[in-house]
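Okay, so here's the structure we're looking at.
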Amino acid sequence: MDKNTMAAFRKLEDGPASPRSSGFLGDEDSAGKGALSKMKRNLAAADWKVFSFMMVNFFSSAGIVITNKLLMERFHFNFATTLTFIHFVCTFVLLLTVSAFGLYQMKELPLGPTSKLAATSMGFVLLTNLSLQYNSVGFYQIMKVMTTPMIVLIEAVLYKKFLERKLRFALLPICLGVILTASTDFRLNLTGTIFAISSVVVTSFYQIWSGALQKGLDADALQLQTYNAPLSALFIMPLLPVFDNYMVKDPNAIWSFPFNPLNSVRG
């Protein structure tokens with residue numbers, strides 16, 4: 001028996017090769033290793049500093065909302081404009097403290113552009129509070145989502161910056177959701193709608209100008225906020241007696257509020 005015949009018999013004895021034990025399984029292993037390698041590359045390229053800042057921003061924002069809700073509902077501190085003023089002051093004090101520890105370096109910025117941004121910041125916070133006051137919570141929240149489409153519209157009309165077509169289509173469900181919510185909200189009213197739309201417009205301008213100002217002045221967010229917070233607090237001071245009760249002899253005025261938390265709980 002020659003060598004070729006012997007090799008043929010051995011192949012028959014071994015049986016047909018299993019597709020899983022040959023190329024198919026090898027392809028699966030290669031695909032799995034390729035996906036794992038791609039995941040490792042993505043994790044290595046991730047900016048964990050940016051991710052950490054995003055998480056801090058998320059939890060701090062949620063914490064502020066929860067604290068405000070607790071003050072208004074449990075302690076009955078129904079002075080939203082004054083509370084906003086306190087937020088601006090505390091932000092400024094915290095930034096000075098952080099700067100004193102050397103965590104970031106303050107930078108001298110021109111008052112003109114920063115004042116305009118601070119006025120916009122004060123305006124969007126005030127209009128947002130008025131929107132919440134005159135609208136239902138559902139309509140208030142869904143109108144805040146309209147900030148992104150409004151930014152796209154403002155940049156296209158005023159600054160000739162156009163979003164990609166596929167990204168523009170992604171905004172359609174947001175707009176349709178707002179229309180559906182507005183059409184089914186029985187508390188919808190003209191005053192609340194005006195405040196809500198004004199809030200969206202002013203907030204959009206604030207976000208556009210804030211990003212442009214950071215680039216133009218070569219300043220980071222903390223350096224810009226060091227000017228924005230105290231100026232916003234200054235601009236909102238004349239509006240405190242307009243939107244909050246500062247009447248001296250009124251029992252519901254801010255002067256009659258029991259600032260001791262224990263007294264507030266007992267009351």
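Convention: chains lettered A, B, ... in structure tokens order; per-chain residue numbering from 1; ligands numbered from 1 as shown.
The residue set within 8 Å of range 177-194 of chain A, counting only C-alpha atoms and dropping same-chain residues fewer than 4 places from it, reads Leu130, Ser131, Gln133, Tyr134, Asn135, Ser136, Gly138, Phe139, Ile142, Met143, Met146, Pro173 and Ser198 of chain A.
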Note to self: So that I can check the surroundings of range 103-120 of chain A, please list as a PyMOL selection string every protein, DNA and RNA residue that reaches within 12 Å of it, counting only C-alpha atoms and ignoring chain neighbours fewer than 5 positions away.
What the structure shows: chain A and resi 88+92+94-98+125-127+198-214+216-237
What separates CA of Pro251 in chain A and CA of Phe75 in chain A is a distance of 15.9 Å
DSSP on the backbone, helix (DSSP H, G or I) only: what residues of range 137-234 of chain A does that give? Format it as a PyMOL selection string. chain A and resi 137-145+147-158+165-170+172-184+190-217+221-234
Pairwise distance for CA of Pro241 in chain A and CA of Phe85 in chain A, rounded to one decimal in Å: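 Here the two named atoms are 12.1 Å from each other.
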